[in-house]
Amino acid sequence: MASVDAARAVEGLEELRRRTGDEDGAQRVAWTDTWITAREWLRSELDTIDGVTVETDEAGNTWATAPGESDEFVIVGGHLDSVPSGGWLDGTLNVVAGLEILRALAPEPRRLTLKLVDWADEEGARFGRSLLGSSAAAGSLEPDSVRGLTDRDGTALPDALAAHGVDLDRALDARARLDGALAYLELHVEQGPVLEQKDIPLGVVLGTFGVQRHRIRFTGAHAHAGATPMHLRRDAFLAAARSALAFREDAAARDDVRATTGTVKVSPSIVTAFNGICELSLDQRALDAGVLAEMLAAAKEASRRIAAEEGCEVEWERLWEIEPIPFDAGLIDLADEVVEELAGTSLRLPSGPLHDAAEMARVLPTVMLFVKSLGGVSHTKDEDTPVEDIELSVRALHELTRRTLDRAQ
Ligand SMILES: [Zn+2]
């Protein structure tokens with residue numbers, strides 16, 4: 001049985017870095033020439049594998065197929081596109097790992113077909129809409145919601161797609177590509193500090209966080225810093241600040257959730273008055289929908305109690321929400337078994353960022369592997385992972401792919 005050439009995957013990643021990066025990092029922004037350079041390199045590599053066919057779907061996703069006896073298939077997926085001045089591993093790791101896995105498995109007789117997909121425009125770096133290609137394949141993309149998007153130079157999204165042979169009005173036809181799909185596997189750099197902190201190279205992702213994002217407006221009454229005694233103040237900033245601490249305390253008391261106050265605006269914001277108005281943002285994340293709902297209820301309750309104590313009023317306005325997207329329990333167990341065997345230890349963890357896997361999990365049994373990110377940094381040229389861990393992650397994805405193909409027979 002052929003094993004995967006993990007060192008060759010590292011060489012492939014370095015080759016892509018040479019061809020599509022500069023001193024500021026990776027420059028493979030989707031729907032640009034540098035992205036096409038990366039995709040042409042992938043295609044030239046795929047062309048060297050006997051029996052593998054390559055096609056592009058209606059949403060611009062590239063599919064490579066190593067046929068088995070059956071049309072039913074397992075997918076390994078990633079994305080070659082990057083943010084401007086991005087990291088060398090974000091997205092490319094799973095595409096290049098998938099390439100080497102195809103190379104290893106294509107010659108072996110198999111009942112199931114194996115596919116590698118390079119999703120178009122995961123990052124949304126040019127037009128602000130992430131997961132474009134995978135959401136089209138999953139059927140969750142609403143073309144009208146992206147039709148009006150433009151890039152910094154005023155180019156409209158539909159025009160940029162058309163220049164790359166993609167008709168936005170036909171993008172949802174890419175759904176047909178998933179007919180017969182049995183499972184979706186994705187390897188990604190963690191992009192956070194958890195694995196490194198625990199000194200564990202590989203982890204298994206439980207799903208992507210649900211998000212509740214709100215604007216919270218505290219209203220008191222501003223007045224002179226010298227003239228107003230402390231007990232007569234209705235200081236909206238202090239009501240907001242105490243609330244922000246309460247949000248943090250609530251999140252810190254729970255397992256694996258987040259609560260972040262990212263923006264603070266005060267009015268009148270002068271040195272000689274306390275503030276009558278303070279607006280906060282609150283971004284709450286959890287993997288369990290019930291826990292997320294509890295966190296939101298607790299935060300509202302705390303803000304109302306504190307506002308009342310400070311003589312203020314509080315209003316909540318939802319900015320955005322997305323439900324948690326859990327991955328497949330059976331595939332999580334299988335991935336955990338593989339990681340334990342290859343790395344000696346494993347960790348199950350949620351994903352903070354969204355990934356193409358979240359779109360696939362809506363329609364297919366899905367799981368992801370995370371490999372350690374040094375310093376927890378990503379979306380910068382400093383993104384890195386030790387070579388031995390990259391190689392280990394490629395071997396783990398290969399083994400997970402083999403077992404998924406066997407199990408789904
Ligand atoms: Zn990515």
# chains A, B, ... in the order shown; residues from 1 in each chain; ligands from 1
>>> residues_near_ligand(ligand="ligand 1", cutoff="8 Å", atoms="only C-alpha atoms and all ligand atoms", output="list in words")
Gly78, His79, Ser82, Asp90, Gly91, Thr92, Glu122, Glu123, His188, Val189, His355 and Asp356 of chain A
>>> write_last_selection(atoms="N, CA and C atoms", output="tab-separated table (two decimals), in the first residue's frame")
chain	number	residue	atom	x	y	z
A	78	GLY	N	-9.86	22.28	0.06
A	78	GLY	CA	-9.14	23.43	0.61
A	78	GLY	C	-9.28	24.63	-0.32
A	79	HIS	N	-8.49	25.65	-0.07
A	79	HIS	CA	-8.57	26.83	-0.94
A	79	HIS	C	-7.18	27.41	-1.18
A	82	SER	N	-5.80	33.49	-0.92
A	82	SER	CA	-5.31	34.02	0.37
A	82	SER	C	-5.83	35.44	0.55
A	90	ASP	N	-2.35	28.85	5.09
A	90	ASP	CA	-3.81	29.00	5.20
A	90	ASP	C	-4.47	28.60	3.89
A	91	GLY	N	-5.19	27.47	3.90
A	91	GLY	CA	-5.89	27.01	2.71
A	91	GLY	C	-5.05	26.14	1.82
A	92	THR	N	-3.80	26.59	1.54
A	92	THR	CA	-2.96	25.81	0.62
A	92	THR	C	-2.54	24.48	1.22
A	122	GLU	N	-12.45	31.51	-0.89
A	122	GLU	CA	-12.81	31.24	0.51
A	122	GLU	C	-12.72	32.52	1.33
A	123	GLU	N	-11.68	33.31	1.06
A	123	GLU	CA	-11.37	34.44	1.95
A	123	GLU	C	-12.28	35.64	1.77
A	188	HIS	N	-6.48	22.04	8.10
A	188	HIS	CA	-6.23	23.49	8.09
A	188	HIS	C	-5.28	23.84	9.22
A	189	VAL	N	-4.52	24.93	9.04
A	189	VAL	CA	-3.78	25.46	10.19
A	189	VAL	C	-4.78	26.02	11.19
A	355	HIS	N	-14.93	28.13	7.98
A	355	HIS	CA	-14.15	27.50	6.93
A	355	HIS	C	-15.13	26.94	5.90
A	356	ASP	N	-14.59	26.58	4.71
A	356	ASP	CA	-15.43	25.93	3.71
A	356	ASP	C	-16.13	24.70	4.30
>>> residues_around(residues="stretch 268-275 of chain A", least_positions_apart="6", cutoff="8 Å", atoms="only C-alpha atoms", output="list in words")
Gly220, Ala221, His222, Ala223, His224, Ala225, Gly226, Asp235, Ala236 and Phe237 of chain A
>>> residues_around(residues="stretch 100-113 of chain A", least_positions_apart="3", cutoff="9 Å", atoms="only C-alpha atoms", output="PyMOL selection string")
chain A and resi 1-6+8-9+46+48-52+64-76+95-97+116+394-395+397-398+401-402+405-406+408-409
>>> residues_around(residues="stretch 296-305 of chain A", least_positions_apart="2", cutoff="12 Å", atoms="only C-alpha atoms", output="MDAnalysis selection string")
chainID A and resid 210:219 236 238:251 257:261 280 282:286 289:294 307:318 321
>>> residues_around(residues="A:Thr34", least_positions_apart="6", cutoff="8 Å", atoms="only C-alpha atoms", output="PyMOL selection string")
chain A and resi 20+27-28
>>> select_by_dssp(residues="stretch 189-281 of chain A", states="strand (DSSP E or B)", output="compact mmCIF listing (two decimals) with C-alpha atoms, in the first residue's frame")
# COMPACT_ATOMS: atom_id res chain seq x y z
CA VAL A 189 -3.78 25.46 10.19
CA LEU A 202 -2.84 17.99 15.75
CA GLY A 203 -6.43 18.43 16.84
CA VAL A 204 -9.88 17.39 15.66
CA VAL A 205 -12.41 20.14 15.05
CA LEU A 206 -15.85 19.72 16.59
CA GLY A 207 -17.52 22.35 14.43
CA THR A 208 -17.61 26.07 13.89
CA GLY A 210 -22.28 30.09 16.32
CA VAL A 211 -22.11 33.86 16.62
CA GLN A 212 -24.42 36.45 18.21
CA ARG A 213 -23.29 39.99 17.47
CA HIS A 214 -25.07 43.01 18.98
CA ARG A 215 -24.78 46.76 19.43
CA ILE A 216 -25.66 47.82 22.97
CA ARG A 217 -26.56 51.44 23.69
CA PHE A 218 -26.48 52.78 27.25
CA THR A 219 -28.22 56.11 27.77
CA ALA A 221 -27.28 62.04 30.91
CA ALA A 223 -23.04 66.67 32.87
CA HIS A 224 -20.11 68.68 34.15
CA ARG A 234 -26.10 58.85 35.28
CA ARG A 258 -15.98 33.67 23.67
CA ALA A 259 -17.37 37.10 24.50
CA THR A 260 -15.68 40.18 23.02
CA VAL A 264 -16.71 51.44 22.36
CA LYS A 265 -18.16 54.85 21.48
CA VAL A 266 -18.92 57.55 24.03
CA SER A 267 -20.66 60.89 23.77
CA ALA A 273 -17.89 65.79 31.40
CA PHE A 274 -18.98 62.22 32.05
CA ILE A 277 -24.28 57.85 25.84
CA CYS A 278 -22.09 54.81 25.43
CA GLU A 279 -22.34 52.21 22.67
CA LEU A 280 -20.60 48.83 22.82
CA SER A 281 -20.40 45.94 20.44
>>> atom_distance(atom1="atom CA of A:Asp118", atom2="atom CA of A:Gly98")
9.5 Å
>>> atom_distance(atom1="atom CA of A:Leu149", atom2="atom CA of A:Gly133")
15.6 Å
>>> select_by_dssp(residues="stretch 76-198 of chain A", states="helix (DSSP H, G or I)", output="VMD selection string")
chain A and resid 92 to 105 132 to 138 143 to 146 157 to 162 168 to 178 194 to 198
>>> atom_distance(atom1="atom CA of A:Leu354", atom2="atom CA of A:Glu341")
27.4 Å
>>> residues_around(residues="stretch 174-178 of chain A", least_positions_apart="2", cutoff="7 Å", atoms="only C-alpha atoms", output="ChimeraX atom specification")
/A:57-59,136-139,171-172,180-181
>>> closest_residue(among="A:Asp179, A:Glu23, A:Asp153, A:Glu196", to="A:Pro386", atoms="only C-alpha atoms")
A:Glu196
>>> closest_residue(among="A:Pro158, A:Gly86, A:Pro365, A:Pro326", to="A:Leu349", atoms="only C-alpha atoms")
A:Pro326
>>> residues_around(residues="stretch 377-383 of chain A", least_positions_apart="6", cutoff="10 Å", atoms="only C-alpha atoms", output="list in words")
Gly21, Asp22, Glu23, Asp24, Gly25, Ala26, Ser82, Val83, Pro84, Ser85, Gly86, Gly87, Trp88, Leu89, Asp90, Glu123, Val189, Glu190, Gln191, Gly192 and Pro193 of chain A
>>> closest_residue(among="A:Val146, A:Leu347, A:Leu131, A:Leu13", to="A:Thr385", atoms="only C-alpha atoms")
A:Leu13
